[in-house]
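Text of protein14.pdb (PDB, N, CA and C atoms) as supplied:
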MODEL        1
ATOM      1  N   MET B   1     186.079 -47.740 -37.666
ATOM      2  CA  MET B   1     187.082 -48.237 -38.581
ATOM      3  C   MET B   1     187.294 -49.720 -38.362
ATOM      4  N   ASP B   2     187.066 -50.496 -39.388
ATOM      5  CA  ASP B   2     187.228 -51.936 -39.280
ATOM      6  C   ASP B   2     188.561 -52.418 -39.853
ATOM      7  N   ASN B   3     189.326 -51.521 -40.429
ATOM      8  CA  ASN B   3     190.586 -51.897 -41.054
ATOM      9  C   ASN B   3     191.700 -51.922 -39.997
ATOM     10  N   PRO B   4     192.176 -53.122 -39.622
ATOM     11  CA  PRO B   4     193.203 -53.208 -38.573
ATOM     12  C   PRO B   4     194.508 -52.507 -38.954
ATOM     13  N   GLU B   5     194.865 -52.547 -40.228
ATOM     14  CA  GLU B   5     196.101 -51.883 -40.649
ATOM     15  C   GLU B   5     195.994 -50.377 -40.456
ATOM     16  N   MET B   6     194.848 -49.823 -40.800
ATOM     17  CA  MET B   6     194.644 -48.382 -40.638
ATOM     18  C   MET B   6     194.641 -48.010 -39.163
ATOM     19  N   GLN B   7     194.047 -48.833 -38.322
ATOM     20  CA  GLN B   7     194.039 -48.569 -36.883
ATOM     21  C   GLN B   7     195.463 -48.583 -36.326
ATOM     22  N   ARG B   8     196.259 -49.570 -36.753
ATOM     23  CA  ARG B   8     197.661 -49.630 -36.309
ATOM     24  C   ARG B   8     198.425 -48.402 -36.772
ATOM     25  N   PHE B   9     198.223 -48.014 -38.020
ATOM     26  CA  PHE B   9     198.900 -46.845 -38.561
ATOM     27  C   PHE B   9     198.539 -45.593 -37.762
ATOM     28  N   LEU B  10     197.254 -45.401 -37.492
ATOM     29  CA  LEU B  10     196.817 -44.229 -36.742
ATOM     30  C   LEU B  10     197.371 -44.238 -35.317
ATOM     31  N   GLN B  11     197.423 -45.407 -34.718
ATOM     32  CA  GLN B  11     197.972 -45.515 -33.371
ATOM     33  C   GLN B  11     199.466 -45.172 -33.375
ATOM     34  N   GLN B  12     200.198 -45.653 -34.371
ATOM     35  CA  GLN B  12     201.623 -45.350 -34.477
ATOM     36  C   GLN B  12     201.848 -43.853 -34.685
ATOM     37  N   GLU B  13     201.032 -43.236 -35.520
ATOM     38  CA  GLU B  13     201.168 -41.796 -35.770
ATOM     39  C   GLU B  13     200.852 -41.000 -34.510
ATOM     40  N   GLN B  14     199.859 -41.443 -33.753
ATOM     41  CA  GLN B  14     199.519 -40.765 -32.507
ATOM     42  C   GLN B  14     200.674 -40.887 -31.509
ATOM     43  N   GLN B  15     201.290 -42.064 -31.449
ATOM     44  CA  GLN B  15     202.417 -42.256 -30.548
ATOM     45  C   GLN B  15     203.601 -41.382 -30.965
ATOM     46  N   LYS B  16     203.842 -41.263 -32.259
ATOM     47  CA  LYS B  16     204.918 -40.395 -32.750
ATOM     48  C   LYS B  16     204.654 -38.946 -32.357
ATOM     49  N   ALA B  17     203.415 -38.502 -32.527
ATOM     50  CA  ALA B  17     203.055 -37.128 -32.183
ATOM     51  C   ALA B  17     203.245 -36.876 -30.690
ATOM     52  N   MET B  18     202.848 -37.833 -29.867
ATOM     53  CA  MET B  18     203.015 -37.692 -28.417
ATOM     54  C   MET B  18     204.499 -37.643 -28.052
ATOM     55  N   MET B  19     205.302 -38.469 -28.706
ATOM     56  CA  MET B  19     206.737 -38.494 -28.434
ATOM     57  C   MET B  19     207.373 -37.164 -28.839
ATOM     58  N   ASN B  20     206.988 -36.648 -30.002
ATOM     59  CA  ASN B  20     207.520 -35.353 -30.440
ATOM     60  C   ASN B  20     207.142 -34.239 -29.472
ATOM     61  N   GLU B  21     205.913 -34.282 -28.981
ATOM     62  CA  GLU B  21     205.459 -33.281 -28.017
ATOM     63  C   GLU B  21     206.264 -33.383 -26.725
ATOM     64  N   MET B  22     206.505 -34.608 -26.270
ATOM     65  CA  MET B  22     207.266 -34.805 -25.044
ATOM     66  C   MET B  22     208.703 -34.309 -25.209
ATOM     67  N   VAL B  23     209.319 -34.601 -26.346
ATOM     68  CA  VAL B  23     210.687 -34.140 -26.592
ATOM     69  C   VAL B  23     210.727 -32.612 -26.625
ATOM     70  N   GLY B  24     209.723 -32.000 -27.237
ATOM     71  CA  GLY B  24     209.656 -30.545 -27.271
ATOM     72  C   GLY B  24     209.540 -29.947 -25.883
ATOM     73  N   LYS B  25     208.692 -30.530 -25.049
ATOM     74  CA  LYS B  25     208.531 -30.038 -23.678
ATOM     75  C   LYS B  25     209.817 -30.230 -22.879
ATOM     76  N   LEU B  26     210.419 -31.416 -23.019
ATOM     77  CA  LEU B  26     211.654 -31.713 -22.306
ATOM     78  C   LEU B  26     212.733 -30.711 -22.699
ATOM     79  N   THR B  27     212.874 -30.469 -23.991
ATOM     80  CA  THR B  27     213.886 -29.537 -24.477
ATOM     81  C   THR B  27     213.653 -28.146 -23.919
ATOM     82  N   SER B  28     212.422 -27.692 -23.961
ATOM     83  CA  SER B  28     212.092 -26.351 -23.486
ATOM     84  C   SER B  28     212.355 -26.216 -21.984
ATOM     85  N   VAL B  29     211.847 -27.162 -21.208
ATOM     86  CA  VAL B  29     211.986 -27.097 -19.749
ATOM     87  C   VAL B  29     213.457 -27.168 -19.347
ATOM     88  N   CYS B  30     214.169 -28.141 -19.874
ATOM     89  CA  CYS B  30     215.563 -28.335 -19.461
ATOM     90  C   CYS B  30     216.465 -27.221 -19.985
ATOM     91  N   TRP B  31     216.205 -26.726 -21.188
ATOM     92  CA  TRP B  31     217.000 -25.620 -21.723
ATOM     93  C   TRP B  31     216.847 -24.397 -20.818
ATOM     94  N   ASP B  32     215.588 -24.055 -20.485
ATOM     95  CA  ASP B  32     215.339 -22.883 -19.653
ATOM     96  C   ASP B  32     215.962 -23.036 -18.267
ATOM     97  N   LYS B  33     215.970 -24.244 -17.758
ATOM     98  CA  LYS B  33     216.500 -24.494 -16.416
ATOM     99  C   LYS B  33     218.030 -24.503 -16.391
ATOM    100  N   CYS B  34     218.660 -25.070 -17.425
ATOM    101  CA  CYS B  34     220.091 -25.373 -17.355
ATOM    102  C   CYS B  34     221.002 -24.413 -18.119
ATOM    103  N   ILE B  35     220.494 -23.782 -19.152
ATOM    104  CA  ILE B  35     221.348 -22.911 -19.958
ATOM    105  C   ILE B  35     221.110 -21.471 -19.515
ATOM    106  N   THR B  36     222.062 -20.952 -18.754
ATOM    107  CA  THR B  36     221.875 -19.645 -18.129
ATOM    108  C   THR B  36     222.625 -18.537 -18.851
ATOM    109  N   SER B  37     223.484 -18.884 -19.776
ATOM    110  CA  SER B  37     224.215 -17.869 -20.528
ATOM    111  C   SER B  37     224.069 -18.165 -22.016
ATOM    112  N   ALA B  38     224.608 -17.287 -22.831
ATOM    113  CA  ALA B  38     224.542 -17.503 -24.279
ATOM    114  C   ALA B  38     225.283 -18.793 -24.615
ATOM    115  N   PRO B  39     224.641 -19.695 -25.365
ATOM    116  CA  PRO B  39     225.294 -20.961 -25.671
ATOM    117  C   PRO B  39     226.488 -20.761 -26.598
ATOM    118  N   GLY B  40     227.528 -21.513 -26.327
ATOM    119  CA  GLY B  40     228.710 -21.502 -27.179
ATOM    120  C   GLY B  40     228.701 -22.727 -28.075
ATOM    121  N   SER B  41     229.868 -23.124 -28.508
ATOM    122  CA  SER B  41     229.960 -24.293 -29.388
ATOM    123  C   SER B  41     229.806 -25.593 -28.607
ATOM    124  N   LYS B  42     230.030 -25.541 -27.284
ATOM    125  CA  LYS B  42     229.870 -26.727 -26.430
ATOM    126  C   LYS B  42     229.203 -26.294 -25.132
ATOM    127  N   PHE B  43     228.534 -27.249 -24.494
ATOM    128  CA  PHE B  43     227.974 -26.987 -23.169
ATOM    129  C   PHE B  43     229.087 -27.090 -22.141
ATOM    130  N   SER B  44     228.981 -26.302 -21.075
ATOM    131  CA  SER B  44     229.929 -26.451 -19.970
ATOM    132  C   SER B  44     229.621 -27.764 -19.250
ATOM    133  N   SER B  45     230.540 -28.207 -18.410
ATOM    134  CA  SER B  45     230.299 -29.466 -17.699
ATOM    135  C   SER B  45     229.087 -29.343 -16.789
ATOM    136  N   GLY B  46     228.903 -28.166 -16.167
ATOM    137  CA  GLY B  46     227.740 -27.946 -15.306
ATOM    138  C   GLY B  46     226.439 -27.991 -16.103
ATOM    139  N   GLU B  47     226.455 -27.392 -17.301
ATOM    140  CA  GLU B  47     225.273 -27.415 -18.155
ATOM    141  C   GLU B  47     224.963 -28.838 -18.613
ATOM    142  N   SER B  48     225.992 -29.580 -18.981
ATOM    143  CA  SER B  48     225.789 -30.969 -19.421
ATOM    144  C   SER B  48     225.192 -31.820 -18.308
ATOM    145  N   THR B  49     225.732 -31.668 -17.108
ATOM    146  CA  THR B  49     225.220 -32.423 -15.964
ATOM    147  C   THR B  49     223.773 -32.034 -15.676
ATOM    148  N   CYS B  50     223.501 -30.744 -15.696
ATOM    149  CA  CYS B  50     222.141 -30.253 -15.444
ATOM    150  C   CYS B  50     221.177 -30.799 -16.494
ATOM    151  N   LEU B  51     221.558 -30.733 -17.770
ATOM    152  CA  LEU B  51     220.694 -31.234 -18.839
ATOM    153  C   LEU B  51     220.421 -32.723 -18.689
ATOM    154  N   THR B  52     221.454 -33.485 -18.359
ATOM    155  CA  THR B  52     221.289 -34.930 -18.170
ATOM    156  C   THR B  52     220.344 -35.221 -17.014
ATOM    157  N   ASN B  53     220.560 -34.560 -15.878
ATOM    158  CA  ASN B  53     219.700 -34.780 -14.707
ATOM    159  C   ASN B  53     218.270 -34.325 -14.974
ATOM    160  N   CYS B  54     218.119 -33.197 -15.625
ATOM    161  CA  CYS B  54     216.791 -32.662 -15.925
ATOM    162  C   CYS B  54     216.032 -33.627 -16.841
ATOM    163  N   ALA B  55     216.701 -34.080 -17.883
ATOM    164  CA  ALA B  55     216.056 -35.010 -18.822
ATOM    165  C   ALA B  55     215.665 -36.304 -18.115
ATOM    166  N   GLN B  56     216.533 -36.822 -17.254
ATOM    167  CA  GLN B  56     216.227 -38.059 -16.538
ATOM    168  C   GLN B  56     215.031 -37.880 -15.620
ATOM    169  N   ARG B  57     214.994 -36.763 -14.882
ATOM    170  CA  ARG B  57     213.854 -36.498 -13.986
ATOM    171  C   ARG B  57     212.567 -36.339 -14.791
ATOM    172  N   PHE B  58     212.649 -35.656 -15.924
ATOM    173  CA  PHE B  58     211.476 -35.449 -16.776
ATOM    174  C   PHE B  58     210.945 -36.787 -17.275
ATOM    175  N   LEU B  59     211.844 -37.654 -17.736
ATOM    176  CA  LEU B  59     211.418 -38.964 -18.241
ATOM    177  C   LEU B  59     210.862 -39.841 -17.114
ATOM    178  N   ASP B  60     211.513 -39.812 -15.957
ATOM    179  CA  ASP B  60     211.011 -40.581 -14.808
ATOM    180  C   ASP B  60     209.606 -40.129 -14.430
ATOM    181  N   MET B  61     209.385 -38.818 -14.428
ATOM    182  CA  MET B  61     208.070 -38.286 -14.076
ATOM    183  C   MET B  61     207.040 -38.664 -15.138
ATOM    184  N   SER B  62     207.432 -38.644 -16.399
ATOM    185  CA  SER B  62     206.517 -39.024 -17.481
ATOM    186  C   SER B  62     206.084 -40.478 -17.346
ATOM    187  N   VAL B  63     207.018 -41.352 -16.997
ATOM    188  CA  VAL B  63     206.700 -42.765 -16.795
ATOM    189  C   VAL B  63     205.766 -42.920 -15.602
ATOM    190  N   LEU B  64     206.045 -42.206 -14.526
ATOM    191  CA  LEU B  64     205.201 -42.275 -13.328
ATOM    192  C   LEU B  64     203.781 -41.827 -13.643
ATOM    193  N   ILE B  65     203.650 -40.731 -14.378
ATOM    194  CA  ILE B  65     202.321 -40.228 -14.737
ATOM    195  C   ILE B  65     201.598 -41.227 -15.632
ATOM    196  N   ALA B  66     202.311 -41.786 -16.599
ATOM    197  CA  ALA B  66     201.697 -42.769 -17.496
ATOM    198  C   ALA B  66     201.204 -43.984 -16.715
ATOM    199  N   LYS B  67     201.977 -44.443 -15.749
ATOM    200  CA  LYS B  67     201.564 -45.594 -14.936
ATOM    201  C   LYS B  67     200.329 -45.264 -14.105
ATOM    202  N   ARG B  68     200.253 -44.054 -13.602
ATOM    203  CA  ARG B  68     199.084 -43.643 -12.812
ATOM    204  C   ARG B  68     197.832 -43.653 -13.688
ATOM    205  N   PHE B  69     197.950 -43.172 -14.931
ATOM    206  CA  PHE B  69     196.809 -43.162 -15.838
ATOM    207  C   PHE B  69     196.372 -44.575 -16.184
ATOM    208  N   GLU B  70     197.334 -45.493 -16.310
ATOM    209  CA  GLU B  70     197.006 -46.891 -16.601
ATOM    210  C   GLU B  70     196.228 -47.535 -15.468
ATOM    211  N   MET B  71     196.509 -47.103 -14.234
ATOM    212  CA  MET B  71     195.864 -47.703 -13.059
ATOM    213  C   MET B  71     194.415 -47.242 -12.924
ATOM    214  N   GLN B  72     194.057 -46.134 -13.540
ATOM    215  CA  GLN B  72     192.693 -45.608 -13.380
ATOM    216  C   GLN B  72     191.708 -46.365 -14.210
TER     217      GLN B  72
ENDMDL
END

Could you show the structure in this file as structure tokens?
Amino acid sequence: MDNPEMQRFLQQEQQKAMMNEMVGKLTSVCWDKCITSAPGSKFSSGESTCLTNCAQRFLDMSVLIAKRFEMQ
């Protein structure tokens, strides 16, 4: 492909797809880990804290993995 606009578009779409996949994984992992009872209209304070910590650890690990791949 010699069209730079098309290459940029495809790269942006690939990044969007990767981001959506990451959000899906994060949601699944953290939901399974932190929500132990039937969800109500609000999360309990323990669930909120767990979800926040889980999401932060997941994102930190994703950044670490991405940096490792860049170094190779």

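Here atom CA of B:Phe43 and atom CA of B:Arg57 stand 19.3 Å from one another.
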
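You will find atom CA of B:Val29 at 12.0 Å from atom CA of B:Asn53.
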
- Picked from chain B by DSSP as alpha helix (DSSP H), as a PyMOL selection string: chain B and resi 4-34+45-71

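A straight line drawn from atom CA of B:Glu70 to atom N of B:Ala17 is 19.1 Å long.
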
- Would you kindly return, as a list in words, each protein, DNA or RNA residue with an atom no farther than 12 Å from any atom of B:Thr52, considering only C-alpha atoms and excluding same-chain residues fewer than 3 positions away? Leu26, Thr27, Cys30, Trp31, Lys33, Cys34, Phe43, Ser45, Gly46, Glu47, Ser48, Thr49, Ala55, Gln56, Arg57, Phe58 and Leu59 of chain B

Report, as JSON, the axis-aligned box around all atoms of stretch 55-72 of chain B present in the file, extended by 8 Å on each side; give centre and edge lengths in Å to one decimal place.
{"center_x": 204.2, "center_y": -40.9, "center_z": -15.8, "size_x": 41.0, "size_y": 29.6, "size_z": 22.0}

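Proximity to B:Met18 was assessed for B:Ser44, B:Ser62, B:Lys67, B:Cys54 counting only C-alpha atoms; the smallest distance is recorded for B:Ser62.
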